[in-house]
>>> print(open('target27.tsv').read())   # TSV, C-alpha atoms
chain	number	residue	atom	x	y	z
D	76	ALA	CA	111.25	74.96	93.33
D	77	GLN	CA	108.76	74.07	96.01
D	78	SER	CA	105.30	72.78	95.15
D	79	VAL	CA	102.27	71.09	96.63
D	80	ALA	CA	99.80	68.65	95.10
D	81	GLN	CA	96.29	68.17	96.42
D	82	PRO	CA	95.00	65.45	94.13
D	83	GLU	CA	91.30	65.58	94.90
D	84	ASP	CA	89.02	68.44	93.95
D	85	GLN	CA	86.32	67.61	96.46
D	86	VAL	CA	86.06	65.33	99.45
D	87	ASN	CA	82.64	64.19	100.55
D	88	VAL	CA	82.21	62.61	103.97
D	89	ALA	CA	79.27	61.80	106.19
D	90	GLU	CA	79.02	63.60	109.49
D	91	GLY	CA	80.72	61.60	112.22
D	92	ASN	CA	82.97	59.73	109.82
D	93	PRO	CA	86.74	60.22	109.62
D	94	LEU	CA	87.92	62.96	107.30
D	95	THR	CA	91.17	62.86	105.32
D	96	VAL	CA	92.46	65.52	102.94
D	97	LYS	CA	95.55	64.49	101.01
D	98	CYS	CA	98.67	66.53	100.32
D	99	THR	CA	102.05	65.71	98.82
D	100	TYR	CA	104.90	68.16	98.51
D	101	SER	CA	108.20	68.84	96.81
D	102	VAL	CA	110.88	71.04	98.36
D	103	SER	CA	114.64	71.21	98.74
D	104	GLY	CA	115.74	70.22	102.21
D	105	ASN	CA	113.52	69.64	105.19
D	106	PRO	CA	110.06	71.08	104.65
D	107	TYR	CA	107.98	73.48	106.67
D	108	LEU	CA	104.39	72.32	106.08
D	109	PHE	CA	101.11	74.09	106.77
D	110	TRP	CA	97.37	73.56	106.50
D	111	TYR	CA	94.89	76.39	106.11
D	112	VAL	CA	91.10	76.44	106.04
D	113	GLN	CA	88.89	78.91	104.22
D	114	TYR	CA	85.22	79.30	105.09
D	115	PRO	CA	82.89	81.02	102.59
D	116	ASN	CA	83.59	84.71	102.14
D	117	ARG	CA	86.49	84.62	104.61
D	118	GLY	CA	90.25	84.72	104.45
D	119	LEU	CA	92.44	81.68	104.92
D	120	GLN	CA	92.92	80.65	108.53
D	121	PHE	CA	95.96	78.83	109.84
D	122	LEU	CA	95.13	75.31	111.13
D	123	LEU	CA	98.42	73.64	111.94
D	124	LYS	CA	102.04	73.25	110.93
D	125	TYR	CA	104.90	70.79	110.90
D	126	ILE	CA	108.37	72.18	111.42
D	127	THR	CA	110.30	69.45	113.18
D	128	GLY	CA	109.87	66.76	115.81
D	129	ASP	CA	106.86	64.47	116.19
D	130	ASN	CA	105.42	63.48	112.82
D	131	LEU	CA	101.87	63.82	114.12
D	132	VAL	CA	100.89	67.41	114.72
D	133	LYS	CA	97.67	68.62	116.25
D	134	GLY	CA	95.93	71.85	115.40
D	135	SER	CA	92.75	73.83	115.73
D	136	TYR	CA	89.18	72.42	115.70
D	137	GLY	CA	90.32	68.83	116.35
D	138	PHE	CA	92.38	68.54	113.18
D	139	GLU	CA	95.70	66.76	112.98
D	140	ALA	CA	98.17	65.98	110.24
D	141	GLU	CA	100.83	63.35	109.77
D	142	PHE	CA	104.17	64.12	108.19
D	143	ASN	CA	105.59	61.23	106.18
D	144	LYS	CA	109.03	62.01	104.83
D	145	SER	CA	109.42	58.86	102.73
D	146	GLN	CA	106.13	59.50	100.96
D	147	THR	CA	106.58	63.30	100.96
D	148	SER	CA	103.05	63.62	102.30
D	149	PHE	CA	101.28	65.69	104.91
D	150	HIS	CA	97.67	64.49	105.01
D	151	LEU	CA	95.13	66.34	107.11
D	152	LYS	CA	92.84	64.25	109.28
D	153	LYS	CA	89.95	64.55	111.68
D	154	PRO	CA	88.54	61.50	113.48
D	155	SER	CA	84.91	62.63	113.36
D	156	ALA	CA	83.78	65.24	110.83
D	157	LEU	CA	81.24	67.94	111.61
D	158	VAL	CA	78.96	69.73	109.18
D	159	SER	CA	80.73	72.92	110.20
D	160	ASP	CA	84.00	71.49	108.81
D	161	SER	CA	82.65	72.02	105.30
D	162	ALA	CA	85.14	74.45	103.78
D	163	LEU	CA	88.08	74.80	101.40
D	164	TYR	CA	91.36	73.38	102.69
D	165	PHE	CA	94.80	74.39	101.48
D	166	CYS	CA	98.12	72.68	102.02
D	167	ALA	CA	101.31	74.76	101.78
D	168	VAL	CA	105.06	74.18	101.95
D	169	ARG	CA	108.19	76.24	102.18
D	170	SER	CA	111.87	75.67	102.57
D	171	PRO	CA	113.40	76.72	105.90
D	172	TYR	CA	116.01	78.63	103.92
D	173	GLY	CA	115.71	81.81	101.95
D	174	ASN	CA	112.52	83.79	101.79
D	175	ASN	CA	109.17	83.30	103.48
D	176	ARG	CA	107.29	82.46	100.32
D	177	LEU	CA	104.82	79.58	100.71
D	178	ALA	CA	103.77	77.34	97.84
D	179	PHE	CA	100.05	76.57	98.11
D	180	GLY	CA	98.12	73.68	96.66
D	181	LYS	CA	94.99	74.30	94.63
D	182	GLY	CA	92.76	73.54	97.58
D	183	ASN	CA	90.25	70.84	98.37
D	184	GLN	CA	86.57	71.47	98.92
D	185	VAL	CA	85.35	69.38	101.84
D	186	VAL	CA	81.63	68.70	102.05
D	187	VAL	CA	80.35	67.07	105.24
D	188	ILE	CA	76.95	65.54	104.68
D	189	PRO	CA	74.53	65.58	107.63
N	86	ASP	CA	96.41	92.36	117.69
N	87	ALA	CA	93.58	93.00	115.24
N	88	GLY	CA	95.10	90.83	112.55
N	89	VAL	CA	95.63	91.80	108.93
N	90	ILE	CA	93.19	94.52	107.95
N	91	GLN	CA	92.06	95.02	104.37
N	92	SER	CA	89.86	97.65	102.82
N	93	PRO	CA	87.50	97.89	101.13
N	94	ARG	CA	85.80	94.53	101.73
N	95	HIS	CA	83.76	94.96	98.58
N	96	GLU	CA	84.33	97.14	95.54
N	97	VAL	CA	82.17	97.40	92.45
N	98	THR	CA	83.50	99.55	89.67
N	99	GLU	CA	83.23	100.04	85.95
N	100	MET	CA	85.77	98.99	83.39
N	101	GLY	CA	88.48	101.57	82.95
N	102	GLN	CA	88.30	102.95	86.47
N	103	GLU	CA	91.20	102.94	88.89
N	104	VAL	CA	90.97	100.60	91.86
N	105	THR	CA	93.07	100.84	95.02
N	106	LEU	CA	93.08	98.08	97.61
N	107	ARG	CA	94.64	98.65	101.00
N	108	CYS	CA	96.29	96.46	103.58
N	109	LYS	CA	97.58	96.90	107.11
N	110	PRO	CA	99.75	93.95	108.17
N	111	ILE	CA	100.15	92.63	111.67
N	112	SER	CA	102.49	94.84	113.67
N	113	GLY	CA	106.02	93.46	113.71
N	114	HIS	CA	105.60	91.31	110.62
N	115	ASP	CA	108.29	91.93	108.03
N	116	TYR	CA	106.79	90.07	105.08
N	117	LEU	CA	103.68	91.13	103.19
N	118	PHE	CA	102.02	89.19	100.38
N	119	TRP	CA	99.28	90.03	97.90
N	120	TYR	CA	97.24	87.13	96.52
N	121	ARG	CA	94.37	86.89	94.07
N	122	GLN	CA	91.74	84.16	94.24
N	123	THR	CA	89.37	83.15	91.46
N	124	MET	CA	87.36	80.03	90.76
N	125	MET	CA	89.26	79.38	87.56
N	126	ARG	CA	92.83	79.97	88.73
N	127	GLY	CA	92.64	79.37	92.46
N	128	LEU	CA	95.02	81.24	94.75
N	129	GLU	CA	97.75	83.17	92.92
N	130	LEU	CA	100.65	85.06	94.46
N	131	LEU	CA	100.92	88.48	92.86
N	132	ILE	CA	103.78	90.12	94.74
N	133	TYR	CA	105.50	90.07	98.09
N	134	PHE	CA	107.58	92.47	100.14
N	135	ASN	CA	110.25	92.03	102.77
N	136	ASN	CA	110.95	95.01	105.00
N	137	ASN	CA	108.90	97.18	102.65
N	138	VAL	CA	110.98	96.20	99.61
N	139	PRO	CA	109.36	94.30	96.74
N	140	ILE	CA	111.10	90.94	96.40
N	141	ASP	CA	109.18	89.14	93.68
N	142	ASP	CA	106.55	90.70	91.46
N	143	SER	CA	106.58	88.00	88.80
N	144	GLY	CA	102.97	87.15	89.57
N	145	MET	CA	101.66	90.59	88.72
N	146	PRO	CA	99.57	89.96	85.63
N	147	GLU	CA	100.24	93.15	83.67
N	148	ASP	CA	101.52	96.67	83.87
N	149	ARG	CA	98.04	97.70	84.88
N	150	PHE	CA	98.82	96.27	88.29
N	151	SER	CA	101.14	97.99	90.74
N	152	ALA	CA	101.84	97.58	94.44
N	153	LYS	CA	103.58	99.75	96.97
N	154	MET	CA	104.59	99.50	100.58
N	155	PRO	CA	105.58	102.98	101.76
N	156	ASN	CA	106.05	101.85	105.36
N	157	ALA	CA	105.88	98.79	107.57
N	158	SER	CA	102.21	99.26	108.39
N	159	PHE	CA	100.64	99.93	105.01
N	160	SER	CA	100.51	98.57	101.49
N	161	THR	CA	98.40	99.25	98.43
N	162	LEU	CA	97.56	97.26	95.31
N	163	LYS	CA	96.41	99.42	92.43
N	164	ILE	CA	94.76	98.42	89.17
N	165	GLN	CA	94.63	101.09	86.49
N	166	PRO	CA	92.69	100.77	84.26
N	167	SER	CA	90.55	97.95	85.61
N	168	GLU	CA	89.01	95.29	83.37
N	169	PRO	CA	86.22	92.74	83.96
N	170	ARG	CA	88.77	89.91	84.06
N	171	ASP	CA	90.30	91.51	87.15
N	172	SER	CA	87.20	90.56	89.11
N	173	ALA	CA	88.41	88.39	91.98
N	174	VAL	CA	89.01	88.34	95.70
N	175	TYR	CA	92.31	89.94	96.61
N	176	PHE	CA	93.97	88.85	99.82
N	177	CYS	CA	96.75	90.42	101.78
N	178	ALA	CA	98.81	88.31	104.18
N	179	SER	CA	101.72	88.97	106.50
N	180	SER	CA	104.31	86.86	108.26
N	181	THR	CA	107.60	86.92	110.08
N	182	THR	CA	110.43	84.58	110.91
N	183	GLY	CA	111.75	86.81	113.65
N	184	GLN	CA	111.87	85.72	117.28
N	185	GLY	CA	111.48	82.04	116.50
N	186	ASN	CA	108.45	82.36	114.28
N	187	THR	CA	108.21	79.89	111.42
N	188	GLY	CA	106.73	82.04	108.71
N	189	GLU	CA	103.12	80.96	108.61
N	190	LEU	CA	100.96	83.48	106.84
N	191	PHE	CA	98.15	85.41	108.47
N	192	PHE	CA	95.51	86.47	105.98
N	193	GLY	CA	93.12	89.36	105.89
N	194	GLU	CA	89.46	88.86	105.09
N	195	GLY	CA	89.97	89.89	101.49
N	196	SER	CA	88.70	92.55	99.13
N	197	ARG	CA	86.10	91.32	96.67
N	198	LEU	CA	86.44	93.27	93.43
N	199	THR	CA	83.80	93.29	90.73
N	200	VAL	CA	84.57	95.14	87.52
N	201	LEU	CA	81.53	95.67	85.30
>>> encode(input="target27.tsv", output="structure tokens")
Amino acid sequence: AQSVAQPEDQVNVAEGNPLTVKCTYSVSGNPYLFWYVQYPNRGLQFLLKYITGDNLVKGSYGFEAEFNKSQTSFHLKKPSALVSDSALYFCAVRSPYGNNRLAFGKGNQVVVIP
Amino acid sequence: DAGVIQSPRHEVTEMGQEVTLRCKPISGHDYLFWYRQTMMRGLELLIYFNNNVPIDDSGMPEDRFSAKMPNASFSTLKIQPSEPRDSAVYFCASSTTGQGNTGELFFGEGSRLTVL
């Protein structure tokens, strides 16, 4: 079965500092990995994905994520956090085979302090 | 495309009443998912469909919950009778792996249900 772990409940970072949100995964075969962001009272929005190729993927709003197969991780990063990045972030994984069902992590609340 | 459209955005009802939530997926998407989000339990998958056929409903909490997808452009999630513990935000999402797509989900804005 596929699963995702997001070990931290909340990530606090000062505005302008680097932001990292951690994610590790478990899946059979090569993973399809995704990051989503949820702003208050909104649905989840797709940020970026890793399917194959370069381990560093870039997405919306200046975010990027690095796939590390040996550590089964897919950490989300942003070089310089903005107050507007304060939101709930979800990591998700699925197998390239079978159905389209994604396994989501529990989410991380990111708070960017002005 | 307008994205995934859900209605109503907000619903307040009394315990015992029937609640129907509606979803219109993105045109051309062949997968549709219903999720529930609460502070206590996070994001839970309730049921999902492929080509209008329910594939996995193991996340549906009880027989009070039912979901249908009569055609490719419409789905409903019904709770009858509703209870206060059903209060949550219900999300619909759609996806496809056709034409080289990789199955990322596109979510609606959610339906916030409050059962008094």
>>> residues_around(input="target27.tsv", residues="segment 138-148 of chain N", least_positions_apart="2", cutoff="10 Å", atoms="all atoms listed in the file", output="short mmCIF file (atom, residue, chain, number, x, y, z; two decimals) with C-alpha atoms, in the coordinates of the input")
data_model
loop_
_atom_site.label_atom_id
_atom_site.label_comp_id
_atom_site.auth_asym_id
_atom_site.auth_seq_id
_atom_site.Cartn_x
_atom_site.Cartn_y
_atom_site.Cartn_z
CA ASN D 174 112.52 83.79 101.79
CA ARG D 176 107.29 82.46 100.32
CA ASP N 115 108.29 91.93 108.03
CA TYR N 116 106.79 90.07 105.08
CA LEU N 117 103.68 91.13 103.19
CA PHE N 118 102.02 89.19 100.38
CA TRP N 119 99.28 90.03 97.90
CA TYR N 120 97.24 87.13 96.52
CA ARG N 121 94.37 86.89 94.07
CA GLU N 129 97.75 83.17 92.92
CA LEU N 130 100.65 85.06 94.46
CA LEU N 131 100.92 88.48 92.86
CA ILE N 132 103.78 90.12 94.74
CA TYR N 133 105.50 90.07 98.09
CA PHE N 134 107.58 92.47 100.14
CA ASN N 135 110.25 92.03 102.77
CA ASN N 136 110.95 95.01 105.00
CA PHE N 150 98.82 96.27 88.29
CA SER N 151 101.14 97.99 90.74
CA ALA N 152 101.84 97.58 94.44
CA LYS N 153 103.58 99.75 96.97
CA MET N 154 104.59 99.50 100.58
CA PRO N 155 105.58 102.98 101.76
CA ASN N 156 106.05 101.85 105.36
CA ALA N 157 105.88 98.79 107.57
CA ILE N 164 94.76 98.42 89.17
CA GLN N 165 94.63 101.09 86.49
CA PRO N 166 92.69 100.77 84.26
CA ASP N 171 90.30 91.51 87.15
#
>>> closest_atom_pairs(input="target27.tsv", of="chain D", to="chain N", cutoff="7 Å", atoms="only C-alpha atoms", output="Markdown table")
| residue | atom | partner | partner_atom | distance |
| --- | --- | --- | --- | --- |
| D:Arg117 | CA | N:Glu194 | CA | 5.2 |
| D:Gly118 | CA | N:Glu194 | CA | 4.3 |
| D:Leu119 | CA | N:Phe192 | CA | 5.8 |
| D:Gln120 | CA | N:Phe192 | CA | 6.9 |
| D:Asn175 | CA | N:Gly188 | CA | 5.9 |
| D:Lys181 | CA | N:Gly127 | CA | 6.0 |
>>> atom_distance(input="target27.tsv", atom1="atom CA of Ser92 of chain N", atom2="atom CA of Ser158 of chain N")
13.6 Å
>>> atom_distance(input="target27.tsv", atom1="atom CA of Ser103 of chain D", atom2="atom CA of Gly134 of chain D")
25.1 Å
>>> residues_around(input="target27.tsv", residues="Phe149 of chain D", least_positions_apart="6", cutoff="12 Å", atoms="only C-alpha atoms", output="MDAnalysis selection string")
chainID D and resid 79:81 95:101 106:110 123:126 130:132 139:143 165:168 180
>>> write_last_selection(input="target27.tsv", atoms="C-alpha atoms", output="PDB file, in the coordinates of the input")
ATOM      1  CA  VAL D  79     102.270  71.090  96.630  1.00  0.00           C
ATOM      2  CA  ALA D  80      99.800  68.650  95.100  1.00  0.00           C
ATOM      3  CA  GLN D  81      96.290  68.170  96.420  1.00  0.00           C
ATOM      4  CA  THR D  95      91.170  62.860 105.320  1.00  0.00           C
ATOM      5  CA  VAL D  96      92.460  65.520 102.940  1.00  0.00           C
ATOM      6  CA  LYS D  97      95.550  64.490 101.010  1.00  0.00           C
ATOM      7  CA  CYS D  98      98.670  66.530 100.320  1.00  0.00           C
ATOM      8  CA  THR D  99     102.050  65.710  98.820  1.00  0.00           C
ATOM      9  CA  TYR D 100     104.900  68.160  98.510  1.00  0.00           C
ATOM     10  CA  SER D 101     108.200  68.840  96.810  1.00  0.00           C
ATOM     11  CA  PRO D 106     110.060  71.080 104.650  1.00  0.00           C
ATOM     12  CA  TYR D 107     107.980  73.480 106.670  1.00  0.00           C
ATOM     13  CA  LEU D 108     104.390  72.320 106.080  1.00  0.00           C
ATOM     14  CA  PHE D 109     101.110  74.090 106.770  1.00  0.00           C
ATOM     15  CA  TRP D 110      97.370  73.560 106.500  1.00  0.00           C
ATOM     16  CA  LEU D 123      98.420  73.640 111.940  1.00  0.00           C
ATOM     17  CA  LYS D 124     102.040  73.250 110.930  1.00  0.00           C
ATOM     18  CA  TYR D 125     104.900  70.790 110.900  1.00  0.00           C
ATOM     19  CA  ILE D 126     108.370  72.180 111.420  1.00  0.00           C
ATOM     20  CA  ASN D 130     105.420  63.480 112.820  1.00  0.00           C
ATOM     21  CA  LEU D 131     101.870  63.820 114.120  1.00  0.00           C
ATOM     22  CA  VAL D 132     100.890  67.410 114.720  1.00  0.00           C
ATOM     23  CA  GLU D 139      95.700  66.760 112.980  1.00  0.00           C
ATOM     24  CA  ALA D 140      98.170  65.980 110.240  1.00  0.00           C
ATOM     25  CA  GLU D 141     100.830  63.350 109.770  1.00  0.00           C
ATOM     26  CA  PHE D 142     104.170  64.120 108.190  1.00  0.00           C
ATOM     27  CA  ASN D 143     105.590  61.230 106.180  1.00  0.00           C
ATOM     28  CA  PHE D 165      94.800  74.390 101.480  1.00  0.00           C
ATOM     29  CA  CYS D 166      98.120  72.680 102.020  1.00  0.00           C
ATOM     30  CA  ALA D 167     101.310  74.760 101.780  1.00  0.00           C
ATOM     31  CA  VAL D 168     105.060  74.180 101.950  1.00  0.00           C
ATOM     32  CA  GLY D 180      98.120  73.680  96.660  1.00  0.00           C
TER      33      GLY D 180
END
>>> atom_distance(input="target27.tsv", atom1="atom CA of Phe121 of chain D", atom2="atom CA of Gly182 of chain D")
13.7 Å
>>> closest_residue(input="target27.tsv", among="N:Thr98, N:Asn137, N:Ser172, N:Asn186", to="Pro110 of chain N", atoms="all atoms listed in the file")
N:Asn137
>>> closest_residue(input="target27.tsv", among="D:Pro115, D:Ala156, D:Asn183, D:Lys144", to="Pro82 of chain D", atoms="only C-alpha atoms")
D:Asn183
>>> residues_around(input="target27.tsv", residues="Ser159 of chain D", least_positions_apart="4", cutoff="10 Å", atoms="all atoms listed in the file", output="list in words")
Glu90, Tyr114, Val186, Val187, Ile188 and Pro189 of chain D
>>> closest_residue(input="target27.tsv", among="D:Tyr164, D:Asn87, D:Ala178, D:Asn105", to="Thr127 of chain D", atoms="only C-alpha atoms")
D:Asn105
>>> closest_residue(input="target27.tsv", among="N:Met125, N:Ala173, N:Leu198, N:Leu162", to="Arg94 of chain N", atoms="all atoms listed in the file")
N:Leu198
>>> closest_residue(input="target27.tsv", among="D:Leu122, D:Ala89, D:Leu163, D:Val158", to="Val185 of chain D", atoms="all atoms listed in the file")
D:Leu163
